[in-house]
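**Q** One file is attached below, upload25.pdb, containing PDB, C-alpha atoms and all ligand atoms.
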```pdb
ATOM      1  CA  MET A1468       6.626  12.360   6.711  1.00  0.00           C
ATOM      2  CA  ASN A1469       5.504  10.339   9.706  1.00  0.00           C
ATOM      3  CA  ASP A1470       7.120   7.185  11.075  1.00  0.00           C
ATOM      4  CA  VAL A1471       4.697   4.803   9.405  1.00  0.00           C
ATOM      5  CA  LEU A1472       5.396   6.228   5.974  1.00  0.00           C
ATOM      6  CA  ARG A1473       9.112   6.058   6.719  1.00  0.00           C
ATOM      7  CA  GLN A1474       8.649   2.370   7.521  1.00  0.00           C
ATOM      8  CA  LEU A1475       6.846   1.857   4.230  1.00  0.00           C
ATOM      9  CA  GLN A1476       9.801   3.467   2.486  1.00  0.00           C
ATOM     10  CA  LYS A1477      12.108   1.010   4.214  1.00  0.00           C
ATOM     11  CA  ILE A1478       9.986  -2.006   3.264  1.00  0.00           C
ATOM     12  CA  GLY A1479       9.799  -0.739  -0.332  1.00  0.00           C
ATOM     13  CA  ILE A1480       6.951  -2.878  -1.660  1.00  0.00           C
ATOM     14  CA  VAL A1481       3.478  -3.003  -0.151  1.00  0.00           C
ATOM     15  CA  PRO A1482       1.550  -6.175  -0.988  1.00  0.00           C
ATOM     16  CA  VAL A1483      -2.017  -5.171  -1.907  1.00  0.00           C
ATOM     17  CA  VAL A1484      -4.305  -7.936  -0.822  1.00  0.00           C
ATOM     18  CA  VAL A1485      -7.962  -8.865  -1.205  1.00  0.00           C
ATOM     19  CA  ILE A1486      -8.968 -11.279   1.543  1.00  0.00           C
ATOM     20  CA  ASN A1487     -12.314 -12.977   1.041  1.00  0.00           C
ATOM     21  CA  ASP A1488     -12.162 -15.185   4.113  1.00  0.00           C
ATOM     22  CA  ALA A1489     -10.617 -13.950   7.359  1.00  0.00           C
ATOM     23  CA  LYS A1490      -9.234 -17.432   8.047  1.00  0.00           C
ATOM     24  CA  ASP A1491      -6.634 -16.678   5.370  1.00  0.00           C
ATOM     25  CA  ALA A1492      -5.320 -13.623   7.236  1.00  0.00           C
ATOM     26  CA  LYS A1493      -2.964 -15.520   9.558  1.00  0.00           C
ATOM     27  CA  PRO A1494      -1.215 -17.772   7.022  1.00  0.00           C
ATOM     28  CA  LEU A1495      -1.007 -14.852   4.634  1.00  0.00           C
ATOM     29  CA  ALA A1496       0.687 -12.626   7.219  1.00  0.00           C
ATOM     30  CA  GLU A1497       3.083 -15.452   8.078  1.00  0.00           C
ATOM     31  CA  ALA A1498       4.021 -15.873   4.415  1.00  0.00           C
ATOM     32  CA  LEU A1499       4.623 -12.139   4.020  1.00  0.00           C
ATOM     33  CA  ILE A1500       6.761 -11.965   7.161  1.00  0.00           C
ATOM     34  CA  LYS A1501       8.786 -15.059   6.240  1.00  0.00           C
ATOM     35  CA  GLY A1502       9.181 -13.770   2.686  1.00  0.00           C
ATOM     36  CA  GLY A1503      10.622 -10.505   3.978  1.00  0.00           C
ATOM     37  CA  LEU A1504       7.839  -7.991   3.353  1.00  0.00           C
ATOM     38  CA  PRO A1505       6.186  -7.553   6.766  1.00  0.00           C
ATOM     39  CA  CYS A1506       3.529  -5.287   5.359  1.00  0.00           C
ATOM     40  CA  ALA A1507       0.114  -5.401   3.705  1.00  0.00           C
ATOM     41  CA  GLU A1508      -2.545  -3.111   2.366  1.00  0.00           C
ATOM     42  CA  VAL A1509      -5.740  -5.039   3.103  1.00  0.00           C
ATOM     43  CA  THR A1510      -8.380  -3.679   0.775  1.00  0.00           C
ATOM     44  CA  PHE A1511     -11.788  -2.756   2.141  1.00  0.00           C
ATOM     45  CA  ARG A1512     -13.457  -4.485  -0.792  1.00  0.00           C
ATOM     46  CA  THR A1513     -14.609  -7.518   1.081  1.00  0.00           C
ATOM     47  CA  ASP A1514     -16.553  -8.142   4.255  1.00  0.00           C
ATOM     48  CA  ALA A1515     -13.510  -9.954   5.635  1.00  0.00           C
ATOM     49  CA  ALA A1516     -11.195  -6.909   5.453  1.00  0.00           C
ATOM     50  CA  GLU A1517     -11.873  -5.487   8.896  1.00  0.00           C
ATOM     51  CA  GLU A1518     -11.577  -8.800  10.712  1.00  0.00           C
ATOM     52  CA  SER A1519      -8.465  -9.694   8.724  1.00  0.00           C
ATOM     53  CA  ILE A1520      -6.756  -6.447   9.770  1.00  0.00           C
ATOM     54  CA  LYS A1521      -7.689  -7.206  13.367  1.00  0.00           C
ATOM     55  CA  ILE A1522      -6.300 -10.744  13.174  1.00  0.00           C
ATOM     56  CA  ILE A1523      -3.059  -9.566  11.585  1.00  0.00           C
ATOM     57  CA  SER A1524      -2.483  -6.649  13.947  1.00  0.00           C
ATOM     58  CA  GLU A1525      -3.241  -8.722  17.039  1.00  0.00           C
ATOM     59  CA  ASN A1526      -1.162 -11.741  16.065  1.00  0.00           C
ATOM     60  CA  PHE A1527       1.699 -10.056  14.230  1.00  0.00           C
ATOM     61  CA  PRO A1528       2.541  -6.716  15.859  1.00  0.00           C
ATOM     62  CA  GLU A1529       5.645  -6.501  13.670  1.00  0.00           C
ATOM     63  CA  MET A1530       3.458  -6.274  10.539  1.00  0.00           C
ATOM     64  CA  PHE A1531       2.761  -2.882   9.010  1.00  0.00           C
ATOM     65  CA  VAL A1532      -0.812  -3.568   8.149  1.00  0.00           C
ATOM     66  CA  GLY A1533      -2.876  -0.850   6.572  1.00  0.00           C
ATOM     67  CA  ALA A1534      -6.240  -0.536   4.888  1.00  0.00           C
ATOM     68  CA  GLY A1535      -6.732   0.085   1.180  1.00  0.00           C
ATOM     69  CA  THR A1536      -9.745   1.023  -0.933  1.00  0.00           C
ATOM     70  CA  VAL A1537     -10.941   3.228   1.927  1.00  0.00           C
ATOM     71  CA  LEU A1538     -13.792   5.236   0.439  1.00  0.00           C
ATOM     72  CA  THR A1539     -15.487   6.778   3.490  1.00  0.00           C
ATOM     73  CA  PRO A1540     -14.465   8.324   6.836  1.00  0.00           C
ATOM     74  CA  GLU A1541     -16.437   5.581   8.553  1.00  0.00           C
ATOM     75  CA  GLN A1542     -14.341   2.882   6.854  1.00  0.00           C
ATOM     76  CA  ALA A1543     -11.185   4.702   7.927  1.00  0.00           C
ATOM     77  CA  ASP A1544     -12.384   4.633  11.553  1.00  0.00           C
ATOM     78  CA  ARG A1545     -13.257   0.942  11.342  1.00  0.00           C
ATOM     79  CA  ALA A1546      -9.896   0.131   9.764  1.00  0.00           C
ATOM     80  CA  VAL A1547      -7.908   1.985  12.420  1.00  0.00           C
ATOM     81  CA  ALA A1548     -10.020   0.525  15.236  1.00  0.00           C
ATOM     82  CA  ALA A1549      -9.161  -2.910  13.827  1.00  0.00           C
ATOM     83  CA  GLY A1550      -5.459  -2.066  13.919  1.00  0.00           C
ATOM     84  CA  ALA A1551      -4.679  -0.477  10.540  1.00  0.00           C
ATOM     85  CA  LYS A1552      -1.573   1.695  10.763  1.00  0.00           C
ATOM     86  CA  PHE A1553      -2.219   3.592   7.538  1.00  0.00           C
ATOM     87  CA  ILE A1554      -5.040   4.402   5.148  1.00  0.00           C
ATOM     88  CA  VAL A1555      -4.849   4.245   1.363  1.00  0.00           C
ATOM     89  CA  SER A1556      -7.548   5.145  -1.133  1.00  0.00           C
ATOM     90  CA  PRO A1557      -7.806   4.864  -4.911  1.00  0.00           C
ATOM     91  CA  GLY A1558      -8.702   8.538  -5.312  1.00  0.00           C
ATOM     92  CA  LEU A1559      -8.539  11.773  -3.379  1.00  0.00           C
ATOM     93  CA  ASN A1560     -11.797  12.096  -1.461  1.00  0.00           C
ATOM     94  CA  PRO A1561     -11.491  15.343   0.545  1.00  0.00           C
ATOM     95  CA  LYS A1562     -13.874  14.019   3.198  1.00  0.00           C
ATOM     96  CA  VAL A1563     -11.708  10.955   3.800  1.00  0.00           C
ATOM     97  CA  VAL A1564      -8.457  12.929   3.755  1.00  0.00           C
ATOM     98  CA  GLU A1565      -9.768  15.623   6.122  1.00  0.00           C
ATOM     99  CA  HIS A1566     -11.097  13.006   8.493  1.00  0.00           C
ATOM    100  CA  CYS A1567      -7.816  11.059   8.536  1.00  0.00           C
ATOM    101  CA  ILE A1568      -5.805  14.216   9.166  1.00  0.00           C
ATOM    102  CA  LYS A1569      -8.159  15.301  11.941  1.00  0.00           C
ATOM    103  CA  LYS A1570      -7.867  11.893  13.589  1.00  0.00           C
ATOM    104  CA  GLY A1571      -4.133  11.597  13.014  1.00  0.00           C
ATOM    105  CA  TYR A1572      -4.327   8.580  10.693  1.00  0.00           C
ATOM    106  CA  PRO A1573      -1.461   8.392   8.176  1.00  0.00           C
ATOM    107  CA  VAL A1574      -3.160   8.613   4.779  1.00  0.00           C
ATOM    108  CA  ALA A1575      -2.012   8.252   1.183  1.00  0.00           C
ATOM    109  CA  PRO A1576      -4.843   9.225  -1.172  1.00  0.00           C
ATOM    110  CA  GLY A1577      -4.794   8.187  -4.803  1.00  0.00           C
ATOM    111  CA  THR A1578      -3.826  10.817  -7.344  1.00  0.00           C
ATOM    112  CA  ALA A1579      -3.239  10.783 -11.066  1.00  0.00           C
ATOM    113  CA  THR A1580      -3.157  14.448 -12.120  1.00  0.00           C
ATOM    114  CA  PRO A1581      -1.225  17.580 -11.113  1.00  0.00           C
ATOM    115  CA  SER A1582      -4.445  19.076  -9.715  1.00  0.00           C
ATOM    116  CA  GLU A1583      -5.009  16.090  -7.450  1.00  0.00           C
ATOM    117  CA  MET A1584      -1.389  16.163  -6.320  1.00  0.00           C
ATOM    118  CA  GLU A1585      -1.691  19.864  -5.495  1.00  0.00           C
ATOM    119  CA  GLN A1586      -4.914  19.174  -3.641  1.00  0.00           C
ATOM    120  CA  ALA A1587      -3.102  16.556  -1.555  1.00  0.00           C
ATOM    121  CA  MET A1588      -0.294  19.016  -0.879  1.00  0.00           C
ATOM    122  CA  SER A1589      -2.836  21.642   0.169  1.00  0.00           C
ATOM    123  CA  PHE A1590      -3.881  19.206   2.912  1.00  0.00           C
ATOM    124  CA  GLY A1591      -0.258  19.153   4.040  1.00  0.00           C
ATOM    125  CA  LEU A1592       0.446  15.661   2.682  1.00  0.00           C
ATOM    126  CA  ASP A1593       3.857  14.821   1.301  1.00  0.00           C
ATOM    127  CA  VAL A1594       3.040  11.280   0.143  1.00  0.00           C
ATOM    128  CA  VAL A1595       0.403  10.306  -2.402  1.00  0.00           C
ATOM    129  CA  LYS A1596      -0.572   7.093  -4.070  1.00  0.00           C
ATOM    130  CA  PHE A1597      -0.272   7.229  -7.871  1.00  0.00           C
ATOM    131  CA  PHE A1598      -3.074   5.095  -9.260  1.00  0.00           C
ATOM    132  CA  PRO A1599      -3.446   3.240 -11.527  1.00  0.00           C
ATOM    133  CA  ALA A1600       0.261   3.666 -12.121  1.00  0.00           C
ATOM    134  CA  GLU A1601       0.954   1.849 -15.373  1.00  0.00           C
ATOM    135  CA  ASN A1602      -2.269   2.953 -17.069  1.00  0.00           C
ATOM    136  CA  ASN A1603      -1.467   6.559 -16.227  1.00  0.00           C
ATOM    137  CA  GLY A1604       1.966   6.577 -17.808  1.00  0.00           C
ATOM    138  CA  GLY A1605       4.022   4.841 -15.177  1.00  0.00           C
ATOM    139  CA  LEU A1606       7.386   6.067 -14.028  1.00  0.00           C
ATOM    140  CA  SER A1607       7.964   8.379 -16.979  1.00  0.00           C
ATOM    141  CA  TYR A1608       4.764  10.250 -16.077  1.00  0.00           C
ATOM    142  CA  ILE A1609       5.828  10.491 -12.434  1.00  0.00           C
ATOM    143  CA  LYS A1610       9.225  11.864 -13.481  1.00  0.00           C
ATOM    144  CA  ALA A1611       7.556  14.515 -15.619  1.00  0.00           C
ATOM    145  CA  VAL A1612       4.847  15.521 -13.181  1.00  0.00           C
ATOM    146  CA  ALA A1613       6.985  15.412 -10.042  1.00  0.00           C
ATOM    147  CA  ALA A1614       9.474  18.018 -11.227  1.00  0.00           C
ATOM    148  CA  PRO A1615       7.564  21.023  -9.824  1.00  0.00           C
ATOM    149  CA  TYR A1616       6.482  19.210  -6.673  1.00  0.00           C
ATOM    150  CA  VAL A1617       9.738  19.117  -4.793  1.00  0.00           C
ATOM    151  CA  GLY A1618       9.345  17.007  -1.682  1.00  0.00           C
ATOM    152  CA  LEU A1619       6.273  15.075  -2.853  1.00  0.00           C
ATOM    153  CA  LYS A1620       6.771  11.299  -2.765  1.00  0.00           C
ATOM    154  CA  PHE A1621       4.750   8.696  -4.608  1.00  0.00           C
ATOM    155  CA  MET A1622       3.390   5.265  -3.895  1.00  0.00           C
ATOM    156  CA  PRO A1623       2.644   3.964  -7.391  1.00  0.00           C
ATOM    157  CA  THR A1624       0.172   1.088  -7.497  1.00  0.00           C
ATOM    158  CA  GLY A1625      -1.603  -0.675 -10.332  1.00  0.00           C
ATOM    159  CA  GLY A1626       0.127  -2.730 -13.003  1.00  0.00           C
ATOM    160  CA  ILE A1627       3.384  -3.047 -11.102  1.00  0.00           C
ATOM    161  CA  ASN A1628       5.148  -6.395 -11.192  1.00  0.00           C
ATOM    162  CA  ALA A1629       8.463  -8.107 -10.454  1.00  0.00           C
ATOM    163  CA  THR A1630       9.928  -6.741 -13.682  1.00  0.00           C
ATOM    164  CA  ASN A1631       8.921  -3.080 -13.802  1.00  0.00           C
ATOM    165  CA  VAL A1632       9.175  -2.510 -10.033  1.00  0.00           C
ATOM    166  CA  ARG A1633      12.965  -2.133 -10.252  1.00  0.00           C
ATOM    167  CA  ASP A1634      12.856   1.128 -12.175  1.00  0.00           C
ATOM    168  CA  TYR A1635      10.256   2.586  -9.835  1.00  0.00           C
ATOM    169  CA  LEU A1636      12.261   1.675  -6.728  1.00  0.00           C
ATOM    170  CA  ALA A1637      15.414   3.194  -8.164  1.00  0.00           C
ATOM    171  CA  ASN A1638      13.786   6.610  -8.506  1.00  0.00           C
ATOM    172  CA  ASP A1639      14.058   8.948  -5.543  1.00  0.00           C
ATOM    173  CA  LYS A1640      10.498  10.259  -6.008  1.00  0.00           C
ATOM    174  CA  ILE A1641       9.167   6.816  -5.116  1.00  0.00           C
ATOM    175  CA  LEU A1642       8.422   6.137  -1.454  1.00  0.00           C
ATOM    176  CA  CYS A1643       7.348   2.548  -2.087  1.00  0.00           C
ATOM    177  CA  CYS A1644       5.375   0.554  -4.647  1.00  0.00           C
ATOM    178  CA  GLY A1645       2.071  -1.221  -4.109  1.00  0.00           C
ATOM    179  CA  GLY A1646       1.192  -4.393  -5.940  1.00  0.00           C
ATOM    180  CA  SER A1647      -0.723  -7.615  -5.799  1.00  0.00           C
ATOM    181  CA  TRP A1648       1.539  -9.816  -7.901  1.00  0.00           C
ATOM    182  CA  MET A1649       2.848 -11.796  -4.900  1.00  0.00           C
ATOM    183  CA  VAL A1650      -0.573 -12.144  -3.237  1.00  0.00           C
ATOM    184  CA  LYS A1651      -2.859 -12.965  -6.148  1.00  0.00           C
ATOM    185  CA  GLY A1652      -6.396 -14.003  -5.290  1.00  0.00           C
ATOM    186  CA  ASP A1653      -6.045 -17.425  -6.899  1.00  0.00           C
ATOM    187  CA  LEU A1654      -3.026 -18.232  -4.700  1.00  0.00           C
ATOM    188  CA  ILE A1655      -4.917 -17.205  -1.562  1.00  0.00           C
ATOM    189  CA  LYS A1656      -7.977 -19.161  -2.671  1.00  0.00           C
ATOM    190  CA  ALA A1657      -5.847 -22.247  -3.302  1.00  0.00           C
ATOM    191  CA  GLY A1658      -4.143 -21.843   0.084  1.00  0.00           C
ATOM    192  CA  ASP A1659      -0.784 -21.734  -1.701  1.00  0.00           C
ATOM    193  CA  PHE A1660       0.978 -19.693   0.969  1.00  0.00           C
ATOM    194  CA  ALA A1661       4.312 -21.313   0.073  1.00  0.00           C
ATOM    195  CA  LYS A1662       4.099 -19.723  -3.375  1.00  0.00           C
ATOM    196  CA  ILE A1663       3.093 -16.398  -1.815  1.00  0.00           C
ATOM    197  CA  GLU A1664       6.145 -16.614   0.431  1.00  0.00           C
ATOM    198  CA  GLU A1665       8.381 -17.414  -2.551  1.00  0.00           C
ATOM    199  CA  LEU A1666       7.055 -14.489  -4.625  1.00  0.00           C
ATOM    200  CA  THR A1667       7.309 -12.222  -1.589  1.00  0.00           C
ATOM    201  CA  ARG A1668      10.944 -13.235  -1.048  1.00  0.00           C
ATOM    202  CA  GLU A1669      11.675 -12.505  -4.692  1.00  0.00           C
ATOM    203  CA  ALA A1670      10.077  -9.056  -4.291  1.00  0.00           C
ATOM    204  CA  ALA A1671      11.957  -8.366  -1.049  1.00  0.00           C
ATOM    205  CA  ASN A1672      15.221  -9.304  -2.766  1.00  0.00           C
ATOM    206  CA  ILE A1673      14.509  -6.804  -5.525  1.00  0.00           C
ATOM    207  CA  VAL A1674      14.124  -4.073  -2.886  1.00  0.00           C
ATOM    208  CA  LYS A1675      17.480  -5.082  -1.393  1.00  0.00           C
ATOM    209  CA  GLU A1676      19.181  -5.186  -4.805  1.00  0.00           C
ATOM    210  CA  VAL A1677      17.895  -1.810  -5.891  1.00  0.00           C
ATOM    211  CA  ARG A1678      17.913   0.133  -2.639  1.00  0.00           C
ATOM    212  CA  GLY A1679      20.648  -1.682  -0.753  1.00  0.00           C
TER     213      GLY A1679
HETATM  214  C1  LIG B   1      -5.519  -2.539  -6.532  1.00  0.00           C
HETATM  215  O1  LIG B   1      -6.137  -1.573  -6.099  1.00  0.00           O
HETATM  216  O2  LIG B   1      -6.024  -3.628  -6.792  1.00  0.00           O
HETATM  217  C2  LIG B   1      -4.093  -2.310  -6.686  1.00  0.00           C
HETATM  218  O3  LIG B   1      -3.884  -1.213  -7.457  1.00  0.00           O
HETATM  219  C3  LIG B   1      -3.340  -3.473  -7.159  1.00  0.00           C
HETATM  220  O4  LIG B   1      -3.048  -3.361  -8.492  1.00  0.00           O
HETATM  221  P1  LIG B   1      -2.328  -4.579  -9.200  1.00  0.00           P
HETATM  222  O5  LIG B   1      -3.244  -5.778  -9.023  1.00  0.00           O
HETATM  223  O6  LIG B   1      -2.208  -4.146 -10.629  1.00  0.00           O
HETATM  224  O7  LIG B   1      -1.004  -4.780  -8.526  1.00  0.00           O
END
```
Output the structure of this file as C-alpha cells.
**A**
Amino acid sequence: MNDVLRQLQKIGIVPVVVINDAKDAKPLAEALIKGGLPCAEVTFRTDAAEESIKIISENFPEMFVGAGTVLTPEQADRAVAAGAKFIVSPGLNPKVVEHCIKKGYPVAPGTATPSEMEQAMSFGLDVVKFFPAENNGGLSYIKAVAAPYVGLKFMPTGGINATNVRDYLANDKILCCGGSWMVKGDLIKAGDFAKIEELTREAANIVKEVRG
C-alpha cells in the first residue's frame, strides 16, 4: 500500500464531492479542513472538477485531494496534472487501471464481485473501492467476500452515512469509507459551508471514536 492510501486510512472518511462551480472549491476545502477531514474525492462529473482540484491542491497543500468518477486514462492524466493525489473510479476499467499503474498514480477502481476483486489483485492492487456499497450488500457482503482475499482492503462508497459508517470503520477490511453525506450538492449550492463543516466534524469524530 502506498503512502497516499495509508493517509486515506488515517483520515478514515473520504468526502465525495460534486463541484459545479470552481468558485466553491476554496470554501469547501476550508470547511473540510476545519471540520477535520482534510480530504476530498472530487468527481470528474462536472466541467469544474479539474479546475477545482487545481484550486484545492494549490491553496491547501495539506489536503488529500483526489479525483473520482475517472472513466478514461486521459481524465486520469488531467486529474493528476491538476494536483490529484489519487484516482478513484466507479468500476474496474483495465485501460484506466493499467494507465494509472504505468504512470505511478495511486488508483482504487470500483469493484462489486469476486471476479472484479481478483482482476484488481492481478494488477497488483491491494485496495479497491466497493461500489455501490449499500446496494451490493454492504458490510456483510464485504465480510463474506473478503475472506479468501487476505490482504485486500476496501473503500466502500455509495449509501454510506453518519449512522452506518461506524460498523464499516470498525472492520479491519475497510481502508476508509467514501460518502457525500457531509458535502451534499444542495449545501454547496446554497453556500452553506458552515453546515458542511459541522457535518464534517461529526464524521471526523466518528472516525476518532471508532478507530481511536
Ligand atoms: C458517488 O459516486 O456519488 C458516491 O458513491 C457517493 O455516494 P453517496 O452519495 O451515496 O455517498
**Q** How many Å separate atom CA of A:Pro1581 from atom CA of A:Ile1641?
**A**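 If I compute the distance from atom CA of A:Pro1581 to atom CA of A:Ile1641, I get 16.1 Å.
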**Q** Determine, using all atoms listed in the file, which residues of stretch 1489-1608 of chain A have any atom at most 8 Å from an atom of stretch 1470-1479 of chain A, and tabulate each with its shortest atom pair and distance in Å to one decimal place, rows ordered by chain and then rising number, as JSON lines.
**A**
```
{"residue": "A:Leu1504", "atom": "CA", "partner": "A:Ile1478", "partner_atom": "CA", "distance": 6.4}
{"residue": "A:Pro1505", "atom": "CA", "partner": "A:Ile1478", "partner_atom": "CA", "distance": 7.6}
{"residue": "A:Cys1506", "atom": "CA", "partner": "A:Ile1478", "partner_atom": "CA", "distance": 7.5}
{"residue": "A:Phe1531", "atom": "CA", "partner": "A:Leu1475", "partner_atom": "CA", "distance": 7.9}
{"residue": "A:Lys1552", "atom": "CA", "partner": "A:Val1471", "partner_atom": "CA", "distance": 7.1}
{"residue": "A:Phe1553", "atom": "CA", "partner": "A:Val1471", "partner_atom": "CA", "distance": 7.3}
{"residue": "A:Pro1573", "atom": "CA", "partner": "A:Val1471", "partner_atom": "CA", "distance": 7.2}
```
**Q** Skipping near chain neighbours, those fewer than 4 positions away, what residues fall within 10 Å of A:Val1612 using all atoms listed in the file, listed as a list in words?
**A**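 Listed by chain and then number, they are Ala1579, Thr1580, Pro1581, Met1584, Leu1606, Ser1607, Tyr1608 and Tyr1616 of chain A.
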**Q** Determine, using all atoms listed in the file, which residues of chain A have any atom at most 8 Å from an atom of ligand LIG 1 (chain B), and tabulate each with its shortest atom pair and distance in Å to one decimal place, rows ordered by chain and then rising number, as a tab-separated table.
**A**
```
residue	atom	partner	partner_atom	distance
A:Val1483	CA	B:LIG1	C3	5.7
A:Val1484	CA	B:LIG1	O2	7.6
A:Val1485	CA	B:LIG1	O2	7.9
A:Thr1510	CA	B:LIG1	O1	7.5
A:Gly1535	CA	B:LIG1	O1	7.5
A:Thr1536	CA	B:LIG1	O1	6.8
A:Pro1557	CA	B:LIG1	O1	6.8
A:Phe1598	CA	B:LIG1	O3	6.6
A:Pro1599	CA	B:LIG1	O3	6.0
A:Ala1600	CA	B:LIG1	O3	7.9
A:Thr1624	CA	B:LIG1	O3	4.7
A:Gly1625	CA	B:LIG1	O6	3.5
A:Gly1626	CA	B:LIG1	O6	3.6
A:Ile1627	CA	B:LIG1	O7	5.4
A:Asn1628	CA	B:LIG1	O7	6.9
A:Gly1645	CA	B:LIG1	O7	6.5
A:Gly1646	CA	B:LIG1	O7	3.4
A:Ser1647	CA	B:LIG1	O7	3.9
A:Trp1648	CA	B:LIG1	O7	5.7
A:Lys1651	CA	B:LIG1	O5	7.8
```
**Q** Record the distance separating atom CA of A:Ala1516 and atom CA of A:Ala1670, expressed in Å with one decimal.
**A**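 Calculated distance between atom CA of A:Ala1516 and atom CA of A:Ala1670 is 23.5 Å.
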**Q** Which neighbours of stretch 1542-1548 of chain A fall inside 9 Å, counting only C-alpha atoms, when residues of the same chain fewer than 3 positions from it are skipped, and could you give them as a ChimeraX atom specification?
**A** /A:1511,1516-1517,1520-1521,1533-1534,1537-1539,1551-1554,1563,1566-1567,1570,1572
**Q** What box, with edges along x, y and z, holds each listed atom of stretch 1540-1549 of chain A when 5 Å is added on every side, and can you state its centre and edge lengths in Å to one decimal, as JSON?
**A**
```
{"center_x": -12.2, "center_y": 2.7, "center_z": 11.0, "size_x": 18.5, "size_y": 21.2, "size_z": 18.4}
```
